[in-house]
$ cat work20.cif   # mmCIF, C-alpha atoms (C1' of nucleotides)
data_run
loop_
_atom_site.label_atom_id
_atom_site.label_comp_id
_atom_site.auth_asym_id
_atom_site.auth_seq_id
_atom_site.Cartn_x
_atom_site.Cartn_y
_atom_site.Cartn_z
CA MET A 1 -20.61 -9.07 -25.58
CA THR A 2 -17.70 -6.96 -24.51
CA ALA A 3 -15.42 -7.28 -27.48
CA LYS A 4 -11.79 -7.06 -26.39
CA ARG A 5 -9.33 -5.76 -28.90
CA ASN A 6 -5.72 -6.69 -29.36
CA THR A 7 -3.47 -3.69 -29.36
CA PRO A 8 0.30 -3.29 -29.62
CA GLN A 9 0.24 -1.62 -26.19
CA LYS A 10 -1.21 -4.66 -24.48
CA ALA A 11 1.28 -6.91 -26.22
CA ALA A 12 4.10 -4.61 -25.12
CA VAL A 13 3.05 -4.71 -21.48
CA LYS A 14 2.68 -8.48 -21.57
CA HIS A 15 6.10 -8.86 -23.14
CA ALA A 16 7.78 -6.49 -20.72
CA LEU A 17 6.20 -8.32 -17.82
CA GLY A 18 7.51 -11.60 -19.18
CA GLU A 19 11.02 -10.19 -19.56
CA ALA A 20 11.16 -8.89 -16.02
CA THR A 21 12.65 -11.07 -13.33
CA GLY A 22 10.59 -11.17 -10.20
CA PHE A 23 7.99 -8.59 -9.32
CA VAL A 24 7.83 -5.15 -10.87
CA SER A 25 5.60 -2.17 -10.28
CA ALA A 26 3.40 -0.54 -12.88
CA GLN A 27 5.62 2.53 -12.72
CA GLN A 28 8.75 0.48 -13.36
CA LEU A 29 7.17 -1.22 -16.33
CA HIS A 30 6.11 2.14 -17.71
CA GLN A 31 9.67 3.46 -17.39
CA THR A 32 11.10 0.37 -19.06
CA LEU A 33 8.68 0.60 -21.93
CA LYS A 34 9.40 4.26 -22.53
CA LYS A 35 13.12 3.62 -22.38
CA HIS A 36 12.64 1.17 -25.21
CA GLY A 37 10.96 3.80 -27.34
CA SER A 38 7.34 3.16 -26.56
CA THR A 39 5.00 6.11 -26.15
CA ILE A 40 2.60 4.12 -23.99
CA GLY A 41 0.70 5.99 -21.32
CA LEU A 42 0.95 5.26 -17.63
CA ALA A 43 -2.79 4.77 -17.31
CA THR A 44 -2.68 2.14 -20.04
CA VAL A 45 -0.03 0.19 -18.18
CA TYR A 46 -2.19 0.20 -15.05
CA ARG A 47 -5.26 -0.85 -17.01
CA THR A 48 -3.47 -3.64 -18.80
CA LEU A 49 -1.91 -4.99 -15.62
CA ALA A 50 -5.26 -4.98 -13.87
CA ASP A 51 -6.71 -6.94 -16.79
CA LEU A 52 -3.89 -9.45 -16.74
CA ALA A 53 -4.25 -9.95 -13.01
CA LEU A 54 -7.98 -10.47 -13.41
CA ALA A 55 -7.42 -12.96 -16.20
CA GLY A 56 -5.00 -14.89 -14.03
CA GLU A 57 -2.07 -14.19 -16.34
CA ALA A 58 -0.26 -12.14 -13.74
CA ASP A 59 0.16 -12.25 -10.00
CA SER A 60 -0.08 -9.17 -7.87
CA LEU A 61 1.46 -8.48 -4.50
CA GLN A 62 1.37 -5.55 -2.08
CA SER A 63 4.84 -4.27 -1.33
CA LYS A 64 5.76 -2.70 1.99
CA GLU A 65 6.05 0.63 0.22
CA ALA A 66 2.36 0.68 -0.58
CA GLU A 67 2.67 -0.05 -4.27
CA VAL A 68 1.32 -3.05 -6.11
CA LEU A 69 3.83 -5.34 -7.77
CA TYR A 70 3.06 -7.60 -10.69
CA ARG A 71 4.60 -10.69 -12.14
CA ALA A 72 3.81 -12.95 -15.08
CA CYS A 73 2.86 -16.39 -13.80
CA THR A 74 1.23 -19.68 -14.47
CA THR A 75 -2.49 -19.70 -13.92
CA SER A 76 -2.55 -22.43 -11.30
CA HIS A 77 -2.73 -21.50 -7.65
CA HIS A 78 0.64 -21.15 -5.99
CA HIS A 79 2.72 -19.06 -3.62
CA HIS A 80 6.02 -17.23 -3.80
CA LEU A 81 9.47 -17.34 -2.29
CA ILE A 82 10.91 -13.89 -2.85
CA CYS A 83 14.41 -12.50 -2.37
CA ARG A 84 14.35 -9.26 -0.41
CA GLU A 85 17.54 -8.07 -2.12
CA CYS A 86 17.21 -8.75 -5.83
CA GLY A 87 13.58 -9.65 -6.18
CA LEU A 88 14.27 -13.14 -7.51
CA THR A 89 11.04 -15.08 -7.25
CA LEU A 90 10.36 -18.79 -7.13
CA GLU A 91 6.91 -20.27 -7.42
CA ILE A 92 6.20 -22.86 -4.82
CA GLU A 93 3.34 -25.26 -4.38
CA ALA A 94 2.03 -26.45 -1.09
CA GLN A 95 -0.88 -28.80 -1.12
CA LYS A 96 -0.51 -29.35 2.58
CA LEU A 97 -0.63 -25.66 3.19
CA GLU A 98 -3.78 -25.11 1.19
CA LYS A 99 -5.44 -27.84 3.15
CA TRP A 100 -4.17 -26.49 6.44
CA ALA A 101 -5.45 -22.99 5.72
CA ASP A 102 -8.90 -24.23 4.79
CA GLU A 103 -9.01 -26.44 7.86
CA VAL A 104 -8.11 -23.62 10.20
CA ALA A 105 -10.83 -21.48 8.66
CA GLY A 106 -13.34 -24.31 8.95
CA GLU A 107 -12.49 -25.00 12.57
CA HIS A 108 -13.44 -21.45 13.44
CA GLY A 109 -16.60 -21.49 11.39
CA PHE A 110 -15.28 -19.31 8.59
CA ALA A 111 -16.68 -19.86 5.10
CA SER A 112 -15.18 -19.16 1.69
CA PRO A 113 -11.60 -19.30 2.91
CA SER A 114 -8.81 -17.70 0.96
CA HIS A 115 -5.30 -16.79 1.99
CA ASN A 116 -2.21 -14.73 1.39
CA ILE A 117 1.01 -16.63 1.85
CA ASP A 118 4.38 -15.33 0.78
CA ILE A 119 7.82 -16.20 2.07
CA PHE A 120 10.71 -13.76 1.98
CA GLY A 121 14.45 -14.28 2.42
CA ILE A 122 17.86 -13.57 0.95
CA CYS A 123 18.74 -15.77 -2.00
CA LYS A 124 22.03 -17.59 -2.44
CA ALA A 125 23.41 -15.16 -5.00
CA CYS A 126 22.75 -12.16 -2.81
CA GLN A 127 24.28 -13.84 0.25
CA SER A 128 27.59 -14.52 -1.45
CA GLY A 129 27.44 -11.70 -3.96
CA LYS A 130 28.41 -9.00 -1.57
CA MET B 1 20.88 7.65 23.26
CA THR B 2 17.60 8.51 21.65
CA ALA B 3 15.48 9.39 24.63
CA LYS B 4 11.83 8.53 23.97
CA ARG B 5 9.29 10.63 25.74
CA ASN B 6 5.91 9.63 27.07
CA THR B 7 3.17 11.88 25.82
CA PRO B 8 -0.61 11.85 26.24
CA GLN B 9 -0.93 11.52 22.47
CA LYS B 10 0.95 8.26 22.36
CA ALA B 11 -1.08 6.91 25.23
CA ALA B 12 -4.28 7.93 23.46
CA VAL B 13 -3.32 6.12 20.26
CA LYS B 14 -2.34 3.02 22.19
CA HIS B 15 -5.59 3.04 24.07
CA ALA B 16 -7.72 3.60 20.99
CA LEU B 17 -5.94 0.77 19.24
CA GLY B 18 -6.64 -1.49 22.16
CA GLU B 19 -10.32 -0.58 22.15
CA ALA B 20 -10.77 -1.29 18.47
CA THR B 21 -11.93 -4.72 17.40
CA GLY B 22 -10.01 -6.15 14.50
CA PHE B 23 -7.85 -4.07 12.21
CA VAL B 24 -8.23 -0.33 11.82
CA SER B 25 -6.54 2.20 9.61
CA ALA B 26 -4.59 5.21 10.81
CA GLN B 27 -7.29 7.44 9.36
CA GLN B 28 -10.03 5.61 11.24
CA LEU B 29 -8.12 5.90 14.50
CA HIS B 30 -7.61 9.58 13.89
CA GLN B 31 -11.34 10.07 13.32
CA THR B 32 -12.19 8.12 16.45
CA LEU B 33 -9.77 10.10 18.56
CA LYS B 34 -11.07 13.43 17.33
CA LYS B 35 -14.65 12.30 17.90
CA HIS B 36 -13.69 11.73 21.51
CA GLY B 37 -12.42 15.25 21.85
CA SER B 38 -8.75 14.80 21.13
CA THR B 39 -6.96 17.40 19.05
CA ILE B 40 -4.32 14.94 17.97
CA GLY B 41 -2.84 15.43 14.52
CA LEU B 42 -3.05 12.88 11.75
CA ALA B 43 0.72 12.80 11.36
CA THR B 44 1.10 11.94 15.02
CA VAL B 45 -1.22 8.97 14.65
CA TYR B 46 0.85 7.69 11.73
CA ARG B 47 4.09 8.20 13.61
CA THR B 48 2.83 6.50 16.74
CA LEU B 49 1.45 3.53 14.85
CA ALA B 50 4.70 3.09 12.97
CA ASP B 51 6.55 3.13 16.29
CA LEU B 52 4.18 0.60 17.82
CA ALA B 53 4.53 -1.70 14.83
CA LEU B 54 8.31 -1.43 15.04
CA ALA B 55 8.23 -2.19 18.75
CA GLY B 56 6.10 -5.27 18.12
CA GLU B 57 3.16 -3.88 20.05
CA ALA B 58 0.99 -3.70 16.98
CA ASP B 59 0.53 -5.77 13.87
CA SER B 60 0.25 -4.20 10.46
CA LEU B 61 -1.41 -5.51 7.35
CA GLN B 62 -1.82 -4.23 3.80
CA SER B 63 -5.46 -4.06 2.80
CA LYS B 64 -6.58 -4.54 -0.77
CA GLU B 65 -7.46 -0.86 -0.89
CA ALA B 66 -3.84 0.15 -0.52
CA GLU B 67 -4.03 1.33 3.04
CA VAL B 68 -2.20 -0.05 6.03
CA LEU B 69 -4.27 -1.51 8.83
CA TYR B 70 -3.08 -1.84 12.41
CA ARG B 71 -4.11 -3.93 15.35
CA ALA B 72 -2.93 -4.23 18.94
CA CYS B 73 -1.47 -7.67 19.51
CA THR B 74 0.56 -9.89 21.70
CA THR B 75 4.22 -9.65 20.99
CA SER B 76 4.69 -13.32 20.15
CA HIS B 77 4.73 -14.34 16.52
CA HIS B 78 1.35 -15.35 15.14
CA HIS B 79 -0.96 -15.09 12.16
CA HIS B 80 -4.51 -13.96 11.56
CA LEU B 81 -7.84 -15.33 10.50
CA ILE B 82 -9.85 -12.36 9.32
CA CYS B 83 -13.50 -11.98 8.39
CA ARG B 84 -13.91 -10.22 5.07
CA GLU B 85 -17.28 -8.83 6.14
CA CYS B 86 -16.99 -7.49 9.64
CA GLY B 87 -13.26 -7.50 10.23
CA LEU B 88 -13.42 -9.89 13.16
CA THR B 89 -9.90 -11.15 13.73
CA LEU B 90 -8.64 -14.25 15.44
CA GLU B 91 -5.02 -14.82 16.24
CA ILE B 92 -3.83 -18.25 15.29
CA GLU B 93 -0.62 -20.05 15.98
CA ALA B 94 0.96 -22.53 13.68
CA GLN B 95 4.20 -24.06 14.76
CA LYS B 96 4.06 -26.47 11.86
CA LEU B 97 3.62 -23.62 9.46
CA GLU B 98 6.56 -21.65 10.79
CA LYS B 99 8.72 -24.69 10.40
CA TRP B 100 7.43 -25.39 6.94
CA ALA B 101 8.07 -21.84 5.74
CA ASP B 102 11.62 -21.87 7.05
CA GLU B 103 12.25 -25.26 5.49
CA VAL B 104 11.04 -24.20 2.10
CA ALA B 105 13.28 -21.15 2.25
CA GLY B 106 16.22 -23.27 3.35
CA GLU B 107 15.69 -25.83 0.59
CA HIS B 108 16.11 -23.10 -1.98
CA GLY B 109 19.13 -21.57 -0.30
CA PHE B 110 17.33 -18.55 1.10
CA ALA B 111 18.64 -17.03 4.33
CA SER B 112 16.84 -14.95 6.96
CA PRO B 113 13.41 -16.27 6.11
CA SER B 114 10.29 -14.39 7.09
CA HIS B 115 6.76 -14.71 5.87
CA ASN B 116 3.34 -13.15 5.47
CA ILE B 117 0.51 -15.53 6.16
CA ASP B 118 -3.07 -14.39 6.56
CA ILE B 119 -6.26 -16.33 6.07
CA PHE B 120 -9.53 -14.66 5.07
CA GLY B 121 -13.09 -15.91 5.13
CA ILE B 122 -16.63 -15.11 6.23
CA CYS B 123 -17.21 -15.63 9.94
CA LYS B 124 -20.18 -17.48 11.40
CA ALA B 125 -22.02 -14.34 12.49
CA CYS B 126 -21.78 -12.79 9.05
CA GLN B 127 -22.91 -16.00 7.34
CA SER B 128 -26.12 -16.27 9.32
CA GLY B 129 -26.53 -12.60 10.08
CA LYS B 130 -27.91 -11.67 6.68
"C1'" DG C 1 -12.74 1.79 -47.60
"C1'" DT C 2 -16.26 2.93 -43.98
"C1'" DC C 3 -18.23 2.69 -39.63
"C1'" DT C 4 -18.65 1.65 -34.85
"C1'" DT C 5 -16.80 1.81 -30.55
"C1'" DA C 6 -13.04 -0.17 -27.51
"C1'" DT C 7 -8.88 1.72 -26.44
"C1'" DT C 8 -5.42 5.07 -25.92
"C1'" DG C 9 -2.67 8.93 -23.80
"C1'" DA C 10 -2.26 13.30 -21.47
"C1'" DC C 11 -3.75 15.35 -17.70
"C1'" DA C 12 -6.34 16.04 -13.69
"C1'" DA C 13 -8.17 14.48 -9.57
"C1'" DA C 14 -8.30 11.21 -5.55
"C1'" DG C 15 -6.75 8.77 -2.06
"C1'" DG C 16 -3.06 7.42 1.68
"C1'" DT C 17 1.24 8.53 3.67
"C1'" DT C 18 5.32 11.30 4.61
"C1'" DC C 19 7.79 15.67 5.14
"C1'" DT C 20 8.54 20.44 6.90
"C1'" DC C 21 8.94 23.53 10.46
"C1'" DA C 22 7.70 26.70 14.01
"C1'" DA C 23 5.69 26.00 18.45
"C1'" DT C 24 5.12 23.15 22.42
"C1'" DA C 25 6.24 20.52 26.39
"C1'" DA C 26 8.93 16.15 28.69
"C1'" DG C 27 12.59 15.05 31.20
"C1'" DA C 28 17.06 16.33 33.26
"C1'" DC C 29 19.67 19.11 35.90
"C1'" DT C 30 19.98 23.09 39.33
"C1'" DA D 1 10.12 25.70 41.24
"C1'" DG D 2 12.95 27.42 37.40
"C1'" DT D 3 15.76 26.75 33.30
"C1'" DC D 4 17.46 24.39 29.41
"C1'" DT D 5 17.69 21.04 25.86
"C1'" DT D 6 15.58 18.75 22.39
"C1'" DA D 7 12.00 15.09 21.32
"C1'" DT D 8 7.52 15.65 19.93
"C1'" DT D 9 3.51 17.79 18.22
"C1'" DG D 10 0.04 19.67 14.78
"C1'" DA D 11 -1.19 21.99 10.51
"C1'" DG D 12 -0.49 22.05 6.10
"C1'" DA D 13 2.11 21.23 2.02
"C1'" DA D 14 4.35 17.81 -0.65
"C1'" DC D 15 4.73 13.21 -2.48
"C1'" DC D 16 3.46 8.95 -4.67
"C1'" DT D 17 0.63 5.57 -6.47
"C1'" DT D 18 -3.55 4.84 -8.54
"C1'" DT D 19 -8.00 5.98 -10.78
"C1'" DG D 20 -11.03 8.97 -13.47
"C1'" DT D 21 -12.00 12.11 -17.59
"C1'" DC D 22 -12.41 12.88 -22.32
"C1'" DA D 23 -11.20 14.01 -26.99
"C1'" DA D 24 -8.52 11.60 -30.38
"C1'" DT D 25 -7.10 7.27 -32.29
"C1'" DA D 26 -7.31 2.86 -34.44
"C1'" DA D 27 -9.08 -2.47 -34.23
"C1'" DG D 28 -12.26 -5.34 -36.02
"C1'" DA D 29 -16.57 -6.06 -38.68
"C1'" DC D 30 -19.12 -5.16 -42.68
#

$ encode --input "work20.cif" --output "C-alpha cells"
Amino acid sequence: MTAKRNTPQKAAVKHALGEATGFVSAQQLHQTLKKHGSTIGLATVYRTLADLALAGEADSLQSKEAEVLYRACTTSHHHHLICRECGLTLEIEAQKLEKWADEVAGEHGFASPSHNIDIFGICKACQSGK
Amino acid sequence: MTAKRNTPQKAAVKHALGEATGFVSAQQLHQTLKKHGSTIGLATVYRTLADLALAGEADSLQSKEAEVLYRACTTSHHHHLICRECGLTLEIEAQKLEKWADEVAGEHGFASPSHNIDIFGICKACQSGK
DNA sequence: GTCTTATTGACAAAGGTTCTCAATAAGACT
DNA sequence: AGTCTTATTGAGAACCTTTGTCAATAAGAC
C-alpha cells in the first residue's frame, strides 16, 4: 500500500492554511511559511495542497487571475459566500440548490451531475470600513 | 473618447466564436483561424476575446486545466449546463436561483452580489455513444 | 542503529496569458 | 484622393502559476 508519511512540512502547510482567513494561493502560503522561518519548498506546498484538496480537507477555487486558491474546510459538501474586498469567506449550505442543480441536469438528460456555485459580494466590514 | 475601430481581425474572431459549439479556448480559436488562412496573432485573439467578454458578447469560464474558455452568448444573464465529455453547452435560466443567491448574500450583509453557477454532467449522446 | 523508500527542495521546464514596440491601417478631416 | 492621427496589429519576449526532475534527506519499520 502507498504508505504516507507525516512530515513537519505537511503539518506546517496544514497549520498555515488553518490560520489563514478566506482563500489563499499556494504562493501566498509559501511566502507566509518562509516569513515564519520555514525553509519549505514551493513545490512541496503545491503537492501538499493538492493532497489536502483530494482528501477533502481543503477547498479549491479558481480565481479570476488564473491561480488556484485554497481554504481549509469541513468535509461535507457546501458552497461559499466570498467577499471580493477582504476575502472573508462564509460556508453556506443549500439543500434546495443541490436538488435544483441535479433536477436541471436530469431534465436535459445529463448524467453524473456536479456543479460549481459560488457567490461573491462586499461584506459588511468592507462596506463601512472605507 | 476612446474611439474603437472595426478591423477584419475582430470580425474574424467574432465569427469563429459564433461557429464554435460550446466553449473554446483562445488558443483553440487561434489555431482554427490560422487553419482557415488567417494570419491573425495570438495576442490579438486574447485581446479581442477579453473585449467581447467585457462587452457581454461572450461568456468566459475557468476550466480545470487553468485556461479560460469563451463562448458566444446572448447578452442576458444566464448559466450553463455543460457536458464534461463533448463540451455541449446549454444555456439555462433560473430566476429562482438568482433570487436565492441575492438573498443569501443579503442575509449575511453582503452588498453587490454576483455569482458563478455552472452545472456539469454527461449528456445523453455521450452516455449512449460509447 | 540500519535499511528502505516516501518525501523534500532547488531548479528547470511547461503551459497559458500579458506586455512591448515598431509597423500597419481605420477613421476623420481636407 | 491625400494626409494625419492614433488605435490596432503581430511577433516575440516576458511573466506567472504550476508541474516535472532528481539527488539528497529523513520517516517509519525492523

$ residues_around --input "work20.cif" --residues "Ser128 in chain A" --least-positions-apart "3" --cutoff "12 Å" --atoms "all atoms listed in the file" --output "NGL selection string"
(:A and (85 or 122-125)) or (:B and (109-111))

$ closest_atom_pairs --input "work20.cif" --of "chain A" --to "chain B" --cutoff "9 Å" --atoms "only C-alpha atoms" --output "CSV"
residue,atom,partner,partner_atom,distance
A:Gln62,CA,B:Gln62,CA,6.8
A:Ser63,CA,B:Gln62,CA,8.4
A:Lys64,CA,B:Gln62,CA,7.9
A:Ala66,CA,B:Ala66,CA,6.2
A:Glu67,CA,B:Ala66,CA,7.5
A:Val68,CA,B:Ala66,CA,8.3
A:Leu81,CA,B:Ala105,CA,7.0
A:Ile82,CA,B:Phe110,CA,8.9
A:Cys83,CA,B:Phe110,CA,7.6
A:Leu90,CA,B:His108,CA,8.8
A:Ile92,CA,B:Val104,CA,8.6
A:Leu97,CA,B:Leu97,CA,7.8
A:Trp100,CA,B:Leu97,CA,8.8
A:Ala101,CA,B:Ile119,CA,6.7
A:Asp102,CA,B:Ile119,CA,8.4
A:Val104,CA,B:Leu81,CA,8.3
A:Ala105,CA,B:Gly121,CA,7.0
A:His108,CA,B:Cys123,CA,7.8
A:Gly109,CA,B:Lys124,CA,5.4
A:Phe110,CA,B:Cys123,CA,4.4
A:Ala111,CA,B:Ile122,CA,4.9
A:Ser112,CA,B:Gly121,CA,5.2
A:Pro113,CA,B:Gly121,CA,4.3
A:Ser114,CA,B:Phe120,CA,5.2
A:His115,CA,B:Ile119,CA,4.2
A:Asn116,CA,B:Asp118,CA,5.3
A:Ile117,CA,B:Ile117,CA,4.5
A:Asp118,CA,B:Asn116,CA,5.3
A:Ile119,CA,B:His115,CA,4.2
A:Phe120,CA,B:Ser114,CA,5.2
A:Gly121,CA,B:Pro113,CA,4.3
A:Ile122,CA,B:Ala111,CA,4.9
A:Cys123,CA,B:Phe110,CA,4.4
A:Lys124,CA,B:Gly109,CA,5.4
A:Gln127,CA,B:Ala111,CA,7.7

$ calpha_fit_and_write --input "work20.cif" --fixed "chain A" --moving "chain B" --output "JSON list (two decimals) with C-alpha atoms, in the coordinates of the input"
[["chain", "number", "residue", "atom", "x", "y", "z"],
["B", 1, "MET", "CA", -21.04, -8.88, -24.63],
["B", 2, "THR", "CA", -18.05, -6.81, -23.72],
["B", 3, "ALA", "CA", -15.86, -7.24, -26.75],
["B", 4, "LYS", "CA", -12.18, -7.05, -25.78],
["B", 5, "ARG", "CA", -9.84, -5.77, -28.40],
["B", 6, "ASN", "CA", -6.27, -6.75, -29.06],
["B", 7, "THR", "CA", -3.97, -3.78, -29.17],
["B", 8, "PRO", "CA", -0.20, -3.41, -29.55],
["B", 9, "GLN", "CA", -0.12, -1.73, -26.15],
["B", 10, "LYS", "CA", -1.52, -4.73, -24.36],
["B", 11, "ALA", "CA", 0.88, -7.01, -26.15],
["B", 12, "ALA", "CA", 3.77, -4.73, -25.19],
["B", 13, "VAL", "CA", 2.84, -4.80, -21.50],
["B", 14, "LYS", "CA", 2.45, -8.56, -21.56],
["B", 15, "HIS", "CA", 5.80, -8.98, -23.21],
["B", 16, "ALA", "CA", 7.60, -6.60, -20.88],
["B", 17, "LEU", "CA", 6.11, -8.39, -17.91],
["B", 18, "GLY", "CA", 7.34, -11.67, -19.26],
["B", 19, "GLU", "CA", 10.84, -10.31, -19.75],
["B", 20, "ALA", "CA", 11.11, -8.97, -16.23],
["B", 21, "THR", "CA", 12.66, -11.15, -13.57],
["B", 22, "GLY", "CA", 10.76, -11.19, -10.33],
["B", 23, "PHE", "CA", 8.16, -8.61, -9.41],
["B", 24, "VAL", "CA", 7.98, -5.19, -10.99],
["B", 25, "SER", "CA", 5.79, -2.19, -10.38],
["B", 26, "ALA", "CA", 3.53, -0.57, -12.93],
["B", 27, "GLN", "CA", 5.77, 2.49, -12.86],
["B", 28, "GLN", "CA", 8.87, 0.42, -13.56],
["B", 29, "LEU", "CA", 7.19, -1.29, -16.49],
["B", 30, "HIS", "CA", 6.12, 2.05, -17.85],
["B", 31, "GLN", "CA", 9.69, 3.35, -17.65],
["B", 32, "THR", "CA", 11.03, 0.25, -19.34],
["B", 33, "LEU", "CA", 8.52, 0.47, -22.14],
["B", 34, "LYS", "CA", 9.24, 4.12, -22.81],
["B", 35, "LYS", "CA", 12.98, 3.44, -22.75],
["B", 36, "HIS", "CA", 12.38, 0.97, -25.55],
["B", 37, "GLY", "CA", 10.65, 3.58, -27.63],
["B", 38, "SER", "CA", 7.04, 2.98, -26.75],
["B", 39, "THR", "CA", 4.75, 5.95, -26.28],
["B", 40, "ILE", "CA", 2.41, 3.99, -24.07],
["B", 41, "GLY", "CA", 0.63, 5.93, -21.34],
["B", 42, "LEU", "CA", 0.99, 5.21, -17.66],
["B", 43, "ALA", "CA", -2.75, 4.74, -17.25],
["B", 44, "THR", "CA", -2.73, 2.09, -19.95],
["B", 45, "VAL", "CA", -0.05, 0.13, -18.13],
["B", 46, "TYR", "CA", -2.13, 0.20, -14.95],
["B", 47, "ARG", "CA", -5.26, -0.84, -16.79],
["B", 48, "THR", "CA", -3.54, -3.67, -18.62],
["B", 49, "LEU", "CA", -1.90, -5.00, -15.48],
["B", 50, "ALA", "CA", -5.19, -4.94, -13.61],
["B", 51, "ASP", "CA", -6.77, -6.88, -16.47],
["B", 52, "LEU", "CA", -3.96, -9.42, -16.50],
["B", 53, "ALA", "CA", -4.20, -9.91, -12.75],
["B", 54, "LEU", "CA", -7.96, -10.39, -13.04],
["B", 55, "ALA", "CA", -7.50, -12.90, -15.83],
["B", 56, "GLY", "CA", -5.00, -14.85, -13.73],
["B", 57, "GLU", "CA", -2.16, -14.19, -16.13],
["B", 58, "ALA", "CA", -0.27, -12.13, -13.61],
["B", 59, "ASP", "CA", 0.25, -12.23, -9.88],
["B", 60, "SER", "CA", 0.05, -9.13, -7.76],
["B", 61, "LEU", "CA", 1.65, -8.39, -4.44],
["B", 62, "GLN", "CA", 1.61, -5.44, -2.05],
["B", 63, "SER", "CA", 5.11, -4.21, -1.31],
["B", 64, "LYS", "CA", 6.02, -2.62, 1.99],
["B", 65, "GLU", "CA", 6.36, 0.69, 0.20],
["B", 66, "ALA", "CA", 2.67, 0.78, -0.61],
["B", 67, "GLU", "CA", 2.95, 0.01, -4.27],
["B", 68, "VAL", "CA", 1.56, -2.97, -6.11],
["B", 69, "LEU", "CA", 4.02, -5.30, -7.78],
["B", 70, "TYR", "CA", 3.15, -7.59, -10.68],
["B", 71, "ARG", "CA", 4.68, -10.69, -12.14],
["B", 72, "ALA", "CA", 3.82, -12.95, -15.06],
["B", 73, "CYS", "CA", 2.91, -16.38, -13.77],
["B", 74, "THR", "CA", 1.38, -19.70, -14.49],
["B", 75, "THR", "CA", -2.32, -19.72, -13.97],
["B", 76, "SER", "CA", -2.32, -22.47, -11.36],
["B", 77, "HIS", "CA", -2.49, -21.50, -7.72],
["B", 78, "HIS", "CA", 0.89, -21.12, -6.05],
["B", 79, "HIS", "CA", 2.92, -19.02, -3.65],
["B", 80, "HIS", "CA", 6.22, -17.19, -3.74],
["B", 81, "LEU", "CA", 9.62, -17.28, -2.16],
["B", 82, "ILE", "CA", 11.10, -13.85, -2.69],
["B", 83, "CYS", "CA", 14.58, -12.47, -2.12],
["B", 84, "ARG", "CA", 14.49, -9.23, -0.18],
["B", 85, "GLU", "CA", 17.70, -8.06, -1.84],
["B", 86, "CYS", "CA", 17.48, -8.75, -5.53],
["B", 87, "GLY", "CA", 13.84, -9.65, -6.00],
["B", 88, "LEU", "CA", 14.55, -13.14, -7.29],
["B", 89, "THR", "CA", 11.30, -15.05, -7.10],
["B", 90, "LEU", "CA", 10.62, -18.75, -6.96],
["B", 91, "GLU", "CA", 7.19, -20.21, -7.33],
["B", 92, "ILE", "CA", 6.43, -22.82, -4.74],
["B", 93, "GLU", "CA", 3.56, -25.21, -4.38],
["B", 94, "ALA", "CA", 2.19, -26.39, -1.12],
["B", 95, "GLN", "CA", -0.72, -28.75, -1.23],
["B", 96, "LYS", "CA", -0.45, -29.30, 2.50],
["B", 97, "LEU", "CA", -0.60, -25.60, 3.09],
["B", 98, "GLU", "CA", -3.68, -25.07, 0.97],
["B", 99, "LYS", "CA", -5.41, -27.79, 2.88],
["B", 100, "TRP", "CA", -4.29, -26.42, 6.20],
["B", 101, "ALA", "CA", -5.52, -22.91, 5.41],
["B", 102, "ASP", "CA", -8.92, -24.17, 4.34],
["B", 103, "GLU", "CA", -9.18, -26.35, 7.42],
["B", 104, "VAL", "CA", -8.38, -23.53, 9.77],
["B", 105, "ALA", "CA", -11.02, -21.38, 8.10],
["B", 106, "GLY", "CA", -13.54, -24.21, 8.27],
["B", 107, "GLU", "CA", -12.85, -24.89, 11.95],
["B", 108, "HIS", "CA", -13.85, -21.34, 12.76],
["B", 109, "GLY", "CA", -16.92, -21.38, 10.56],
["B", 110, "PHE", "CA", -15.47, -19.24, 7.79],
["B", 111, "ALA", "CA", -16.74, -19.81, 4.25],
["B", 112, "SER", "CA", -15.06, -19.09, 0.91],
["B", 113, "PRO", "CA", -11.55, -19.23, 2.29],
["B", 114, "SER", "CA", -8.66, -17.64, 0.45],
["B", 115, "HIS", "CA", -5.22, -16.73, 1.63],
["B", 116, "ASN", "CA", -2.10, -14.66, 1.14],
["B", 117, "ILE", "CA", 1.08, -16.58, 1.74],
["B", 118, "ASP", "CA", 4.49, -15.24, 0.78],
["B", 119, "ILE", "CA", 7.87, -16.13, 2.17],
["B", 120, "PHE", "CA", 10.79, -13.69, 2.14],
["B", 121, "GLY", "CA", 14.49, -14.21, 2.69],
["B", 122, "ILE", "CA", 17.95, -13.53, 1.31],
["B", 123, "CYS", "CA", 18.87, -15.76, -1.62],
["B", 124, "LYS", "CA", 22.17, -17.59, -1.95],
["B", 125, "ALA", "CA", 23.62, -15.19, -4.51],
["B", 126, "CYS", "CA", 22.91, -12.17, -2.35],
["B", 127, "GLN", "CA", 24.36, -13.84, 0.75],
["B", 128, "SER", "CA", 27.71, -14.57, -0.84],
["B", 129, "GLY", "CA", 27.65, -11.78, -3.38],
["B", 130, "LYS", "CA", 28.63, -9.05, -0.95]]

$ atom_distance --input "work20.cif" --atom1 "CA of Arg47 in chain A" --atom2 "C1' of DC3 in chain C"
26.3 Å

$ interface_residues --input "work20.cif" --of "chain D" --to "chain A" --cutoff "8 Å" --atoms "all atoms listed in the file" --output "PyMOL selection string"
chain D and resi 17+27-28

$ resolve_selection --input "work20.cif" --expression "the PyMOL selection byres ((chain D and resi 6) around 12)" --output "VMD selection string"
(chain B and resid 2 to 5) or (chain C and resid 24 to 28) or (chain D and resid 4 to 5 7 to 8)

$ residues_around --input "work20.cif" --residues "Leu33 in chain A" --least-positions-apart "6" --cutoff "9 Å" --atoms "all atoms listed in the file" --output "PDB file with C-alpha atoms, in the coordinates of the input"
ATOM      1  CA  ALA A  12       4.100  -4.610 -25.120  1.00  0.00           C
ATOM      2  CA  VAL A  13       3.050  -4.710 -21.480  1.00  0.00           C
ATOM      3  CA  ALA A  16       7.780  -6.490 -20.720  1.00  0.00           C
ATOM      4  CA  THR A  39       5.000   6.110 -26.150  1.00  0.00           C
ATOM      5  CA  ILE A  40       2.600   4.120 -23.990  1.00  0.00           C
TER       6      ILE A  40
END

$ resolve_selection --input "work20.cif" --expression "the PyMOL selection byres ((chain C and resi 12) around 8)" --output "ChimeraX atom specification"
/C:11,13 /D:21

$ atom_distance --input "work20.cif" --atom1 "CA of Gly41 in chain B" --atom2 "C1' of DA14 in chain D"
17.0 Å

$ residues_around --input "work20.cif" --residues "Glu91 in chain A" --least-positions-apart "3" --cutoff "8 Å" --atoms "only C-alpha atoms (C1' of nucleotides)" --output "PDB file with C-alpha atoms, in the coordinates of the input"
ATOM      1  CA  HIS A  78       0.640 -21.150  -5.990  1.00  0.00           C
ATOM      2  CA  HIS A  79       2.720 -19.060  -3.620  1.00  0.00           C
ATOM      3  CA  HIS A  80       6.020 -17.230  -3.800  1.00  0.00           C
ATOM      4  CA  LEU A  81       9.470 -17.340  -2.290  1.00  0.00           C
TER       5      LEU A  81
END
